[in-house]
Every structure is written in structure tokens, then in C-alpha cells.
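Source file run36.txt; content: compact mmCIF, C-alpha atoms and all ligand atoms.
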```
# COMPACT_ATOMS: atom_id res chain seq x y z
CA MET A 1 51.06 264.25 259.10
CA GLU A 2 51.87 265.91 255.83
CA LEU A 3 49.98 267.88 253.27
CA SER A 4 50.41 265.88 250.08
CA GLN A 5 47.94 267.57 247.73
CA LEU A 6 46.44 270.99 247.48
CA GLN A 7 43.77 272.52 245.31
CA ILE A 8 43.26 276.25 245.42
CA ASN A 9 40.39 278.14 243.82
CA ASN A 10 40.09 281.92 243.77
CA VAL A 11 42.55 282.83 246.47
CA ARG A 12 43.93 286.26 245.49
CA ASN A 13 45.58 285.82 242.09
CA LEU A 14 45.46 282.00 242.27
CA GLN A 15 42.33 281.17 240.32
CA GLN A 16 42.90 277.50 239.87
CA VAL A 17 46.01 275.85 241.18
CA LYS A 18 46.48 272.13 241.75
CA LEU A 19 49.58 270.84 243.47
CA GLN A 20 50.35 267.18 243.79
CA GLY A 21 53.27 265.31 245.23
CA LEU A 22 54.04 267.90 247.89
CA GLN A 23 57.10 266.90 249.88
CA LYS A 24 58.61 267.62 253.24
CA VAL A 25 60.23 270.84 252.05
CA ASN A 26 58.49 272.81 249.32
CA VAL A 27 59.97 275.94 247.85
CA PHE A 28 57.93 278.50 245.90
CA TYR A 29 59.97 281.06 244.08
CA GLY A 30 59.21 283.79 241.59
CA PRO A 31 59.08 287.55 241.07
CA ASN A 32 57.18 290.12 243.13
CA GLY A 33 53.43 289.83 242.81
CA ALA A 34 53.64 286.27 241.39
CA GLY A 35 51.40 284.59 243.98
CA LYS A 36 53.91 283.03 246.41
CA THR A 37 52.45 284.52 249.58
CA SER A 38 48.99 283.67 248.26
CA ILE A 39 49.93 279.98 248.27
CA LEU A 40 50.85 280.21 251.94
CA GLU A 41 47.62 282.15 252.55
CA ALA A 42 45.69 279.30 250.91
CA ILE A 43 47.35 276.71 253.14
CA HIS A 44 46.62 278.92 256.14
CA LEU A 45 42.99 279.06 255.10
CA LEU A 46 42.91 275.28 254.84
CA GLY A 47 44.40 274.82 258.30
CA MET A 48 42.70 277.63 260.22
CA ALA A 49 39.67 278.63 258.10
CA ARG A 50 40.87 282.22 258.21
CA SER A 51 43.44 284.54 256.70
CA PHE A 52 46.96 285.25 257.96
CA ARG A 53 45.82 288.72 258.82
CA GLY A 54 42.86 289.54 260.97
CA SER A 55 39.43 288.13 260.54
CA SER A 56 38.41 289.64 257.24
CA VAL A 57 38.47 287.09 254.46
CA LYS A 58 37.26 289.39 251.70
CA PRO A 59 40.74 290.53 250.57
CA LEU A 60 41.60 286.87 250.10
CA ILE A 61 38.90 286.18 247.52
CA THR A 62 39.89 286.82 243.91
CA HIS A 63 38.41 290.14 242.78
CA GLY A 64 35.09 289.60 241.07
CA CYS A 65 34.47 286.17 242.65
CA ASP A 66 31.95 285.27 245.35
CA ASP A 67 34.00 282.76 247.25
CA CYS A 68 37.29 280.96 247.54
CA THR A 69 37.96 277.32 248.31
CA VAL A 70 40.95 275.25 249.30
CA PHE A 71 41.04 271.46 249.43
CA GLY A 72 43.90 269.45 250.78
CA SER A 73 44.83 265.89 251.40
CA ILE A 74 46.84 265.05 254.48
CA SER A 75 48.71 261.81 254.69
CA ALA A 76 49.91 260.26 257.88
CA SER A 77 52.18 257.26 257.90
CA SER A 78 53.51 255.28 260.81
CA PRO A 79 56.86 253.52 260.34
CA GLY A 80 56.19 250.22 258.58
CA GLY A 81 52.43 250.83 258.71
CA PRO A 82 49.96 251.87 256.04
CA THR A 83 49.52 255.48 254.97
CA SER A 84 46.19 257.01 255.92
CA ARG A 85 44.72 260.02 254.19
CA LEU A 86 42.44 262.75 255.42
CA ALA A 87 40.66 265.23 253.17
CA LEU A 88 40.16 268.78 254.38
CA GLY A 89 38.16 271.49 252.64
CA VAL A 90 37.41 275.12 253.46
CA GLN A 91 35.17 277.50 251.56
CA ARG A 92 34.77 281.15 252.50
CA SER A 93 32.36 283.46 250.78
CA ALA A 94 32.39 287.23 250.48
CA SER A 95 29.04 287.30 252.29
CA GLY A 96 30.65 285.75 255.35
CA GLU A 97 29.68 282.09 255.06
CA VAL A 98 32.18 279.47 256.15
CA GLN A 99 32.05 275.84 255.15
CA ILE A 100 34.53 273.42 256.64
CA LYS A 101 34.78 269.76 255.78
CA VAL A 102 36.90 267.15 257.47
CA ALA A 103 36.94 263.71 255.82
CA GLY A 104 33.93 264.71 253.71
CA LYS A 105 31.81 265.69 256.72
CA ALA A 106 30.83 269.25 257.49
CA VAL A 107 32.08 270.47 260.86
CA ARG A 108 30.75 273.47 262.74
CA THR A 109 33.80 275.16 264.18
CA ALA A 110 37.33 275.96 263.09
CA ALA A 111 38.56 274.36 266.33
CA GLN A 112 37.56 271.00 264.84
CA LEU A 113 39.74 271.77 261.83
CA VAL A 114 42.92 273.18 263.32
CA GLU A 115 44.01 270.05 265.12
CA HIS A 116 44.43 268.26 261.78
CA LEU A 117 46.88 270.72 260.29
CA PRO A 118 48.63 272.70 263.04
CA LEU A 119 50.35 275.62 261.36
CA GLN A 120 53.12 277.97 262.33
CA THR A 121 53.67 281.03 260.20
CA ILE A 122 56.85 283.05 259.91
CA ASN A 123 56.24 286.18 257.84
CA ALA A 124 56.47 289.95 258.05
CA ASP A 125 53.54 290.03 260.50
CA SER A 126 55.43 287.78 262.90
CA PHE A 127 57.45 290.78 264.07
CA ASP A 128 54.27 291.69 265.97
CA LEU A 129 55.37 289.13 268.51
CA LEU A 130 58.05 291.58 269.57
CA THR A 131 56.87 294.97 268.43
CA GLY A 132 53.09 294.59 268.51
CA ALA A 133 50.42 294.71 271.20
CA PRO A 134 50.15 291.98 273.89
CA GLN A 135 47.30 290.37 271.94
CA ALA A 136 49.80 288.95 269.43
CA ARG A 137 51.77 287.31 272.21
CA ARG A 138 48.63 285.96 273.89
CA ARG A 139 47.54 284.46 270.59
CA TYR A 140 50.99 282.90 270.22
CA LEU A 141 50.86 281.45 273.72
CA ASP A 142 47.33 280.15 273.28
CA TRP A 143 48.21 278.44 269.99
CA GLY A 144 50.70 276.37 271.96
CA VAL A 145 48.45 275.68 274.93
CA PHE A 146 45.61 274.69 272.61
CA HIS A 147 47.74 272.12 270.81
CA VAL A 148 49.20 270.46 273.88
CA GLU A 149 46.39 270.81 276.40
CA HIS A 150 43.01 269.78 275.08
CA ARG A 151 41.12 270.94 278.16
CA PHE A 152 42.22 274.50 277.49
CA TYR A 153 39.75 275.30 274.73
CA SER A 154 36.56 274.67 276.71
CA GLN A 155 37.84 276.84 279.57
CA TRP A 156 38.82 279.53 277.12
CA GLN A 157 35.32 279.50 275.60
CA ARG A 158 33.78 279.63 279.05
CA PHE A 159 35.99 282.56 280.02
CA GLN A 160 35.06 284.50 276.86
CA ARG A 161 31.37 283.97 277.60
CA CYS A 162 31.73 285.08 281.22
CA ILE A 163 33.78 288.16 280.60
CA LYS A 164 31.40 289.31 277.91
CA GLN A 165 28.45 288.99 280.28
CA ARG A 166 30.29 290.55 283.21
CA ASN A 167 31.49 293.51 281.15
CA ASN A 168 27.96 293.98 279.83
CA LEU A 169 26.64 294.20 283.36
CA LEU A 170 29.44 296.53 284.45
CA ARG A 171 28.97 298.79 281.45
CA HIS A 172 25.26 299.25 282.03
CA GLY A 173 25.75 299.64 285.78
CA LYS A 174 22.29 298.31 286.62
CA MET A 175 23.18 294.89 287.88
CA SER A 176 22.29 293.40 291.21
CA ASP A 177 25.20 292.32 293.37
CA THR A 178 24.02 288.71 293.19
CA GLU A 179 23.91 288.73 289.41
CA LEU A 180 27.40 290.16 289.18
CA ALA A 181 28.68 287.69 291.78
CA VAL A 182 27.44 284.75 289.69
CA TRP A 183 29.45 285.82 286.66
CA THR A 184 32.42 286.81 288.77
CA ARG A 185 32.55 283.36 290.36
CA ASP A 186 32.44 281.64 286.99
CA LEU A 187 35.01 284.03 285.57
CA ALA A 188 37.32 283.27 288.49
CA VAL A 189 37.10 279.53 287.85
CA SER A 190 37.76 279.65 284.11
CA GLY A 191 40.32 282.47 284.42
CA THR A 192 42.27 280.52 287.02
CA ALA A 193 42.29 277.44 284.79
CA ILE A 194 43.49 279.43 281.78
CA GLY A 195 46.22 281.02 283.87
CA GLU A 196 47.39 277.63 285.12
CA TYR A 197 47.43 276.06 281.65
CA ARG A 198 49.35 279.00 280.23
CA GLN A 199 51.81 279.04 283.11
CA ALA A 200 52.53 275.31 282.80
CA TYR A 201 52.97 275.59 279.04
CA PHE A 202 55.22 278.61 279.32
CA ALA A 203 57.44 276.83 281.86
CA GLU A 204 58.14 274.16 279.23
CA LEU A 205 58.39 276.57 276.33
CA LYS A 206 60.99 278.90 277.78
CA PRO A 207 63.87 276.39 278.03
CA GLN A 208 63.15 275.25 274.46
CA PHE A 209 63.30 278.85 273.31
CA LEU A 210 66.55 279.58 275.17
CA ASP A 211 68.10 276.44 273.67
CA ILE A 212 67.17 277.47 270.15
CA ILE A 213 68.28 281.07 270.51
CA GLU A 214 71.61 279.80 271.83
CA THR A 215 72.02 278.01 268.48
CA LEU A 216 70.65 280.79 266.29
CA ALA A 217 72.17 283.82 267.99
CA PRO A 218 74.59 282.95 270.80
CA GLU A 219 75.54 286.62 270.99
CA LEU A 220 72.06 287.44 272.37
CA LYS A 221 72.94 286.03 275.77
CA GLY A 222 70.89 288.35 277.94
CA LEU A 223 67.64 287.49 276.20
CA ASP A 224 64.78 286.53 278.47
CA LEU A 225 61.08 285.69 278.26
CA ARG A 226 58.76 286.32 281.17
CA TYR A 227 55.12 285.41 281.42
CA ARG A 228 52.71 287.90 282.97
CA GLN A 229 49.41 286.33 283.92
CA GLY A 230 47.36 289.52 283.84
CA TRP A 231 46.85 290.07 287.55
CA GLU A 232 49.01 290.45 290.65
CA LYS A 233 51.53 287.65 291.08
CA ASN A 234 50.89 285.14 293.90
CA THR A 235 47.32 286.38 294.28
CA PRO A 236 44.45 283.98 293.49
CA TYR A 237 42.46 285.33 290.55
CA GLU A 238 39.31 285.30 292.67
CA ASP A 239 40.99 287.67 295.18
CA ALA A 240 42.33 289.89 292.39
CA LEU A 241 38.77 290.23 291.07
CA ALA A 242 37.45 291.09 294.53
CA ILE A 243 40.14 293.73 295.01
CA SER A 244 39.43 295.31 291.65
CA LEU A 245 35.64 295.26 291.92
CA GLY A 246 35.39 298.96 292.80
CA VAL A 247 37.53 300.04 289.88
CA ASP A 248 35.74 297.62 287.55
CA ARG A 249 32.40 299.21 288.48
CA GLU A 250 33.81 302.68 288.04
CA ARG A 251 35.35 301.98 284.64
CA GLY A 252 32.68 299.63 283.40
CA TYR A 253 34.84 296.64 282.52
CA THR A 254 36.92 293.85 284.03
CA HIS A 255 40.45 295.08 284.13
CA VAL A 256 42.36 292.17 285.64
CA GLY A 257 42.62 288.65 284.26
CA PRO A 258 44.01 286.41 281.52
CA GLN A 259 42.69 288.90 278.93
CA ARG A 260 45.59 291.12 280.10
CA ALA A 261 48.32 288.45 280.03
CA ASP A 262 51.54 289.06 278.15
CA ILE A 263 55.01 287.70 277.50
CA LYS A 264 57.77 290.20 278.15
CA VAL A 265 60.71 289.74 275.82
CA THR A 266 63.78 291.51 277.14
CA ILE A 267 67.51 291.64 276.58
CA ASP A 268 69.59 292.65 279.57
CA ALA A 269 66.34 293.86 281.15
CA ARG A 270 65.50 296.21 278.26
CA PRO A 271 62.61 295.59 275.85
CA ALA A 272 63.97 293.44 273.00
CA ALA A 273 61.87 295.37 270.48
CA GLU A 274 63.79 298.54 271.32
CA VAL A 275 67.27 297.05 271.28
CA LEU A 276 67.44 294.36 268.63
CA SER A 277 68.19 294.93 264.96
CA ARG A 278 65.60 293.79 262.45
CA GLY A 279 67.57 290.64 261.63
CA GLN A 280 68.02 289.85 265.32
CA GLN A 281 64.28 290.37 265.80
CA LYS A 282 63.60 287.85 263.06
CA LEU A 283 65.89 285.34 264.76
CA VAL A 284 64.04 285.79 268.05
CA VAL A 285 60.69 285.41 266.33
CA CYS A 286 61.93 282.26 264.55
CA ALA A 287 63.19 280.88 267.85
CA MET A 288 59.81 281.52 269.48
CA LYS A 289 57.97 279.76 266.66
CA LEU A 290 60.41 276.88 266.39
CA ALA A 291 60.24 276.36 270.15
CA GLN A 292 56.49 275.78 269.89
CA GLY A 293 56.96 273.18 267.15
CA GLN A 294 59.64 271.40 269.13
CA LEU A 295 57.54 271.37 272.25
CA MET A 296 54.56 270.01 270.38
CA SER A 297 56.62 267.11 269.01
CA ALA A 298 58.25 266.51 272.40
CA ARG A 299 54.79 266.22 273.96
CA GLY A 300 53.81 263.61 271.37
CA LYS A 301 51.18 265.88 269.79
CA GLY A 302 52.49 265.48 266.25
CA ARG A 303 54.46 267.83 264.08
CA CYS A 304 53.27 271.19 262.93
CA THR A 305 53.67 272.56 259.44
CA TYR A 306 55.71 275.72 258.89
CA LEU A 307 54.76 278.42 256.43
CA VAL A 308 57.82 280.62 255.95
CA ASP A 309 57.24 283.64 253.76
CA ASP A 310 60.30 285.24 252.24
CA LEU A 311 62.77 283.16 254.21
CA ARG A 312 65.81 285.21 253.28
CA SER A 313 64.45 288.66 254.09
CA GLU A 314 66.40 290.24 257.00
CA LEU A 315 68.66 287.19 257.38
CA ASP A 316 72.26 286.86 256.21
CA GLU A 317 73.51 283.59 254.75
CA HIS A 318 74.93 282.30 258.01
CA HIS A 319 71.72 282.84 259.98
CA SER A 320 69.54 281.57 257.11
CA LYS A 321 71.53 278.33 257.23
CA LEU A 322 71.01 278.03 260.98
CA VAL A 323 67.24 278.52 260.70
CA CYS A 324 66.99 276.02 257.83
CA GLY A 325 69.19 273.57 259.70
CA LEU A 326 66.84 273.65 262.68
CA LEU A 327 63.73 273.23 260.54
CA SER A 328 65.43 270.30 258.84
CA THR A 329 66.30 268.52 262.10
CA MET A 330 62.76 269.05 263.37
CA GLN A 331 61.53 266.90 260.46
CA VAL A 332 58.55 269.18 259.97
CA GLN A 333 56.87 269.90 256.68
CA VAL A 334 57.80 273.32 255.37
CA PHE A 335 56.37 275.60 252.70
CA VAL A 336 58.81 278.37 252.00
CA THR A 337 58.88 281.26 249.56
CA SER A 338 61.69 283.32 248.08
CA ILE A 339 62.39 285.49 245.09
CA ALA A 340 65.10 283.36 243.50
CA ARG A 341 65.33 279.59 243.35
CA ASP A 342 68.80 279.54 244.79
CA ASP A 343 67.82 281.72 247.79
CA VAL A 344 66.59 278.61 249.58
CA CYS A 345 68.50 275.86 247.77
CA SER A 346 71.83 277.38 248.75
CA VAL A 347 71.09 277.54 252.47
CA TRP A 348 69.10 274.37 253.13
CA PRO A 349 71.05 271.34 254.42
CA LYS A 350 72.30 269.23 251.53
CA SER A 351 70.87 266.03 253.03
CA ASP A 352 67.26 267.10 252.24
CA GLY A 353 65.82 267.11 248.75
CA LEU A 354 63.70 270.20 248.14
CA GLU A 355 60.66 270.22 245.89
CA VAL A 356 60.74 273.40 243.89
CA PHE A 357 57.83 275.24 242.27
CA HIS A 358 58.08 278.26 240.05
CA VAL A 359 55.32 280.83 240.53
CA GLU A 360 54.41 283.49 238.00
CA HIS A 361 51.17 285.34 237.22
CA GLY A 362 49.22 283.04 239.54
CA GLN A 363 50.46 279.89 237.78
CA VAL A 364 52.51 277.33 239.67
CA LYS A 365 54.84 274.94 237.85
CA PRO A 366 56.69 272.08 239.54
CA GLU A 367 60.39 272.04 238.71
CA GLY A 368 61.39 268.91 240.58
CA ASN A 369 64.12 268.47 243.07
CA CYS A 370 66.69 270.99 244.02
CA PRO A 371 69.76 269.45 245.56
CA SER A 372 71.81 272.09 247.29
CA PRO A 373 74.98 272.99 245.46
N1 LIG A 401 41.72 289.74 245.89
C1 LIG A 401 42.61 289.67 244.89
N2 LIG A 401 42.24 289.26 243.65
C2 LIG A 401 43.12 289.18 242.65
N3 LIG A 401 44.43 289.46 242.77
C3 LIG A 401 44.86 289.87 243.97
C4 LIG A 401 43.98 290.01 245.08
N4 LIG A 401 44.69 290.44 246.14
C5 LIG A 401 45.94 290.56 245.71
N5 LIG A 401 46.06 290.23 244.41
C6 LIG A 401 47.29 290.20 243.58
O1 LIG A 401 47.84 288.89 243.74
C7 LIG A 401 49.20 288.94 243.37
C8 LIG A 401 50.00 287.98 244.20
O2 LIG A 401 50.22 288.49 245.48
P1 LIG A 401 51.23 287.77 246.46
O3 LIG A 401 51.24 288.55 247.70
O4 LIG A 401 50.92 286.34 246.55
O5 LIG A 401 52.61 287.95 245.65
P2 LIG A 401 54.06 287.41 246.00
O6 LIG A 401 54.46 286.44 244.95
O7 LIG A 401 54.11 286.94 247.38
O8 LIG A 401 54.93 288.73 245.80
P3 LIG A 401 56.12 289.38 246.65
O9 LIG A 401 57.39 288.77 246.18
O10 LIG A 401 56.03 290.80 246.28
O11 LIG A 401 55.86 289.14 248.09
C9 LIG A 401 49.60 290.41 243.42
O12 LIG A 401 49.84 290.86 242.12
C10 LIG A 401 48.41 291.10 244.02
O13 LIG A 401 48.25 292.38 243.53
MG MG A 402 54.96 287.71 249.09
```
Here is a file; write its structure as C-alpha cells.
Amino acid sequence: MELSQLQINNVRNLQQVKLQGLQKVNVFYGPNGAGKTSILEAIHLLGMARSFRGSSVKPLITHGCDDCTVFGSISASSPGGPTSRLALGVQRSASGEVQIKVAGKAVRTAAQLVEHLPLQTINADSFDLLTGAPQARRRYLDWGVFHVEHRFYSQWQRFQRCIKQRNNLLRHGKMSDTELAVWTRDLAVSGTAIGEYRQAYFAELKPQFLDIIETLAPELKGLDLRYRQGWEKNTPYEDALAISLGVDRERGYTHVGPQRADIKVTIDARPAAEVLSRGQQKLVVCAMKLAQGQLMSARGKGRCTYLVDDLRSELDEHHSKLVCGLLSTMQVQVFVTSIARDDVCSVWPKSDGLEVFHVEHGQVKPEGNCPSP
């Protein structure tokens, strides 16, 4: 699965950009404020129907315009077989409307879109995985579970519905015990399922991560990832809910469960965010994201597409080469930005041809192949 064409309308400073003949590795270079990150934002919008950052789409729409649209064509080819194409389209308006089309047909939810163009982003916000709140790590984990375990999403939806209802009842304090018990029972079932899916996924992810970090930063030997499910270990979720009922009533919300899960990233038992340098943090974040892509391919769920903003920031030449080398061996499609053309060309493995685009003032010009020197 590869994005072969892209048409962007009114995404930040990209008013009308058409890109054809996209390749496996696509490099966008140009000065500050040119529109490089905006191209990655547009691809993100096409794959996820939302922005890199948060849920607000307004900042993404070109000032003075009512909406933005991105169309893309995805081609999938099997060895020796014909190439099939799939058209995707996303329109977001300032008033909040979302229109998503897959193969020309309108679909209702973003979940129906994301499976067609699974995206991994490596940008300045990715440091949240180490330094941010647990929510960033839960989102990371759930991205992976969603793409390898298709039963996860319905349980996740069910859990969200239940916890909302249960918290509503707890907050208003006027519920009957029977009413609360109904939601608690349902919450226990979906919460247990979510916990099991996450646990199983994490068990596969961790060795992939440790393998990659061994390649990228062998000096970070004491690095470890641990999954915390969000309630007492070795206790069934149903029992954890029963134990916490009194406190839940008192505080007016459900305070144990998968909504409290986290991944602890430590080095020699200390929080990695406190110990690691910024460059080392970027390597850990890259390893976490690359591990998910590798796992997805290993599970036969296809290859994800990587959006790497400002590849060279924080990384020295040696480590940039290691990251690029891994992306290259994974055979994934990559969209990468940098300030200078040579920033990427000089560190990418020579065996790959890179398609280079120059970006300036919201205009994107193809410059052809860039063989590494
Ligand atoms: N809603 C908007 N409408 C129009 N222009 C916008 C909007 N939001 C941001 N911009 C402008 O779009 C331009 C491109 O921003 P972008 O983040 O893509 O730049 P960049 O090439 O990634 O730069 P850098 O190298 O600094 O990261 C900037 O000049 C920015 O001010
Ligand atoms: Mg940028």
C-alpha cells in the first residue's frame, strides 16, 4: 500500500498542491515557514481525518477559507499481480463538518478510513511519549492494538459508552444500586477485554522495541518498558471495581480501569524522561514508533506509512543514518522533511532512490531523484 498521488487544498499555506508520482521515500526540503510540515499535516488529515495536534481542525484551514480538502490515491500491488488503486478523500470545514470518502463512497466514521492508510508520525510532539501525560502513551498503545486486533475497536467503543454513563451516575449521586451495577458489569466486561488486548499486544511489542533500541543506541542498555493496566496487578477488573466502589461514589468517578493505563519507560529503574538527553529521547521515540511498524508487518497487517518531520533535528549524523537504515529495511513508505536537500540525501542508504521536492511559499516542485553521494 503506497500513497501515489496527493491533492491538497487549503491546508495552512498550501492552497493548491498536486503531487504525482510519489515514491517509497519522499523528501520535502525548504526554508522555515515554507510548508513542509503542512504537507505532512495534509497526509495526516487524509489518513486520520484529523490534525497532528489535538482535535481542533480550524488552525489547519488556510486563513480566510471555509474548509480544507485532501485527496489521495493509494496503490497496492502484489508481486507479479496487477496494481489496484483506492481513492481517499477528506474534507473538514471550519464549522466542524467532516466528509470522508473511501473509493468514492461516503463513510461515517474515521475508523473506516484509518485502516487504509495507517500512519506513524515522528515529530516534535512525539516527545510526549516520554515526557507527556499517560494519555499519549495510551494513544500510542491503542494505535497498535487497533491495527493488529480488529475486535479491539468495538470493545473500546463499548467501554467509552459505559464509563461515560457510570461516571454520570456517580457524579450525580442519585443512582439506584441496580442501575449502577448494570453499568459496572458492562464496564468490567469491556475493560477486561481492552486490558487483555493491550497486554497481548504489548508482550509482542516490547521485544521488537528492545531489538531496535539495541541497534539505534546500544549504550542505553538499561532501558525498559513496562505496561501498567490501570488497576491492581493480578486482580480481575471486576474485583478491582468492587473494591473501589466506595471511593468511586465518594469522588464521583471511576478511578480504576484501562482509562488509567500507562507504559512506564525507564532506564536503570529511573524515568527515562528525566535521564535521557534530547537526542537519546528522540532515539527512544523512534524505536517505539518503528517497533509498531515492524510488528504490524510481522503480523501480516500491511505496512504503515511514516511521516517524519525534521528528521535531522536532535540527531547526529551517525544516529540519523541508523534511523534511516531501519526505515529503509522496513520497506515502508516515508515522507520526510528537512531544511536542506542534503540533510536527508547524505544519511539515507545509497541503495534507495529518494524522490525530492523543494518547498517554498506553499509551492511544491519535484526535483527528481536524489542518489546519496
Ligand atoms: N491557517 C493558516 N493559513 C495560512 N497560513 C498558515 C496557517 N497556519 C500556518 N500558516 C503558515 O504556513 C506556513 C508553513 O508552515 P509549516 O509549519 O508547514 O512550515 P515549515 O516549512 O514546516 O517550516 P519550519 O522549517 O519552520 O518547520 C508558515 O509560514 C505559517 O505561518
Ligand atoms: Mg516544519
Interatomic distance, CA of Ala272 in chain A to CA of Glu317 in chain A (Å, one decimal):
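CA of Ala272 in chain A sits 22.8 Å away from CA of Glu317 in chain A.
The set of protein, DNA and RNA residues with any counted atom at most 10 Å from (55.2, 297.6, 276.7) (all atoms listed in the file) reads Leu130, Thr131, Gly132, Ala133, Pro134, Asp262, Ile263, Lys264, Val265, Pro271 and Ala273 of chain A.
A distance cut-off of 6 Å around (64.3, 286.2, 241.2), counting all atoms listed in the file, selects these protein and nucleic acid residues: Gly30, Pro31, Ile339 and Ala340 of chain A.
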Determine, for each residue of chain A having at least one atom at most 8 Å from an atom of ligand LIG 401 (chain A), the closest pair of atoms and their separation in Å to one decimal, counting all atoms listed in the file; order by chain and ascending number, as CSV.
```
residue,atom,partner,partner_atom,distance
A:Asn10,CA,A:LIG401,N2,7.6
A:Val11,CA,A:LIG401,N1,7.0
A:Arg12,CA,A:LIG401,C1,3.7
A:Asn13,CA,A:LIG401,N3,3.9
A:Leu14,CA,A:LIG401,O1,7.4
A:Tyr29,CA,A:LIG401,O6,7.7
A:Gly30,CA,A:LIG401,O6,6.4
A:Pro31,CA,A:LIG401,O9,5.5
A:Asn32,CA,A:LIG401,O9,3.3
A:Gly33,CA,A:LIG401,O5,3.5
A:Ala34,CA,A:LIG401,O6,3.7
A:Gly35,CA,A:LIG401,O4,3.1
A:Lys36,CA,A:LIG401,O6,3.7
A:Thr37,CA,A:LIG401,O7,3.7
A:Ser38,CA,A:LIG401,O4,3.7
A:Ile39,CA,A:LIG401,O4,6.7
A:Lys58,CA,A:LIG401,N1,7.3
A:Pro59,CA,A:LIG401,N1,4.8
A:Leu60,CA,A:LIG401,N1,5.1
A:Ile61,CA,A:LIG401,N1,4.8
A:Thr62,CA,A:LIG401,N2,3.4
A:His63,CA,A:LIG401,N2,4.0
A:Gly64,CA,A:LIG401,N2,7.6
A:Asp309,CA,A:LIG401,O7,7.8
A:Asp310,CA,A:LIG401,O11,7.2
A:Thr337,CA,A:LIG401,O7,7.7
A:Ser338,CA,A:LIG401,O9,7.2
A:Ile339,CA,A:LIG401,O9,6.1
A:Val359,CA,A:LIG401,O6,7.2
A:Glu360,CA,A:LIG401,O6,7.6
A:His361,CA,A:LIG401,C7,7.4
A:Gly362,CA,A:LIG401,C8,6.8
```
Closest of A:Val27, A:Val256, A:Val17, A:Ala94 to Ile243 in chain A, counting all atoms listed in the file, is A:Val256
Proximity to ligand MG 402 (chain A) - best of A:Val323, A:Ser313, A:Leu113, A:Gln23, all atoms listed in the file:
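Among A:Val323, A:Ser313, A:Leu113, A:Gln23, it is A:Ser313 that comes nearest to ligand MG 402 (chain A).
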Quick one: residues within 8 Å of range 285-294 of chain A, all atoms listed in the file counted, chain neighbours fewer than 3 positions away excluded, as a list of chain:residue names?
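Within the cut-off, the hits are A:Gln120, A:Thr121, A:Ile122, A:Ser126, A:Phe127, A:Leu129, A:Leu130, A:Gly144, A:Leu205, A:Gln208, A:Phe209, A:Ile212, A:Ile213, A:Leu216, A:Gln281, A:Lys282, A:Ser297, A:Ala298, A:Arg303, A:Cys304, A:Val323, A:Leu327, A:Met330.
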Residue among A:Ser56, A:Ser84, A:Gln112, A:Asn123 lying closest to Glu97 in chain A, counting all atoms listed in the file:
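Nearest to Glu97 in chain A: A:Ser56.
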Rounded to one decimal in Å, what is the spacing between CA of Leu3 in chain A and CA of Val102 in chain A?
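Result for CA of Leu3 in chain A versus CA of Val102 in chain A: 13.8 Å, one decimal.
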Measuring atom to atom with all atoms listed in the file, identify which of A:Ser78, A:Val356, A:Asp125, A:Arg92 is nearest to ligand MG 402 (chain A).
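The answer is A:Asp125, which sits nearest to ligand MG 402 (chain A).
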Go through A:Gln155, A:Tyr237, A:Leu326, A:Arg312 one by one, measure the shortest atom-to-atom distance of each to ligand MG 402 (chain A) using all atoms listed in the file, and give the residue with the smallest value.
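Nearest to ligand MG 402 (chain A): A:Arg312.
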What is the CA of Asp186 in chain A to CA of Ala242 in chain A distance in Å?
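One can read the CA of Asp186 in chain A to CA of Ala242 in chain A distance as 13.1 Å.
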Of the candidates A:Thr178, A:Arg138, A:Met1, A:Gly89, which shows the shortest atom-to-atom distance to Ile74 in chain A, using all atoms listed in the file?
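Closest to Ile74 in chain A, using all atoms listed in the file: A:Met1.
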Residue contacts of Leu187 in chain A (8 Å, all atoms listed in the file) excluding same-chain residues fewer than 5 positions away, as a list in words
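Contacts, in chain order: Arg158, Phe159, Cys162 and Ile163 of chain A.
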Would you mind listing what lies within 9 Å of Glu115 in chain A as a list in words, with all atoms listed in the file counted and same-chain residues fewer than 3 positions away left out?
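Residues meeting the cut-off are Gly47, Ala111, Gln112, Pro118, Phe146 and His147 of chain A.
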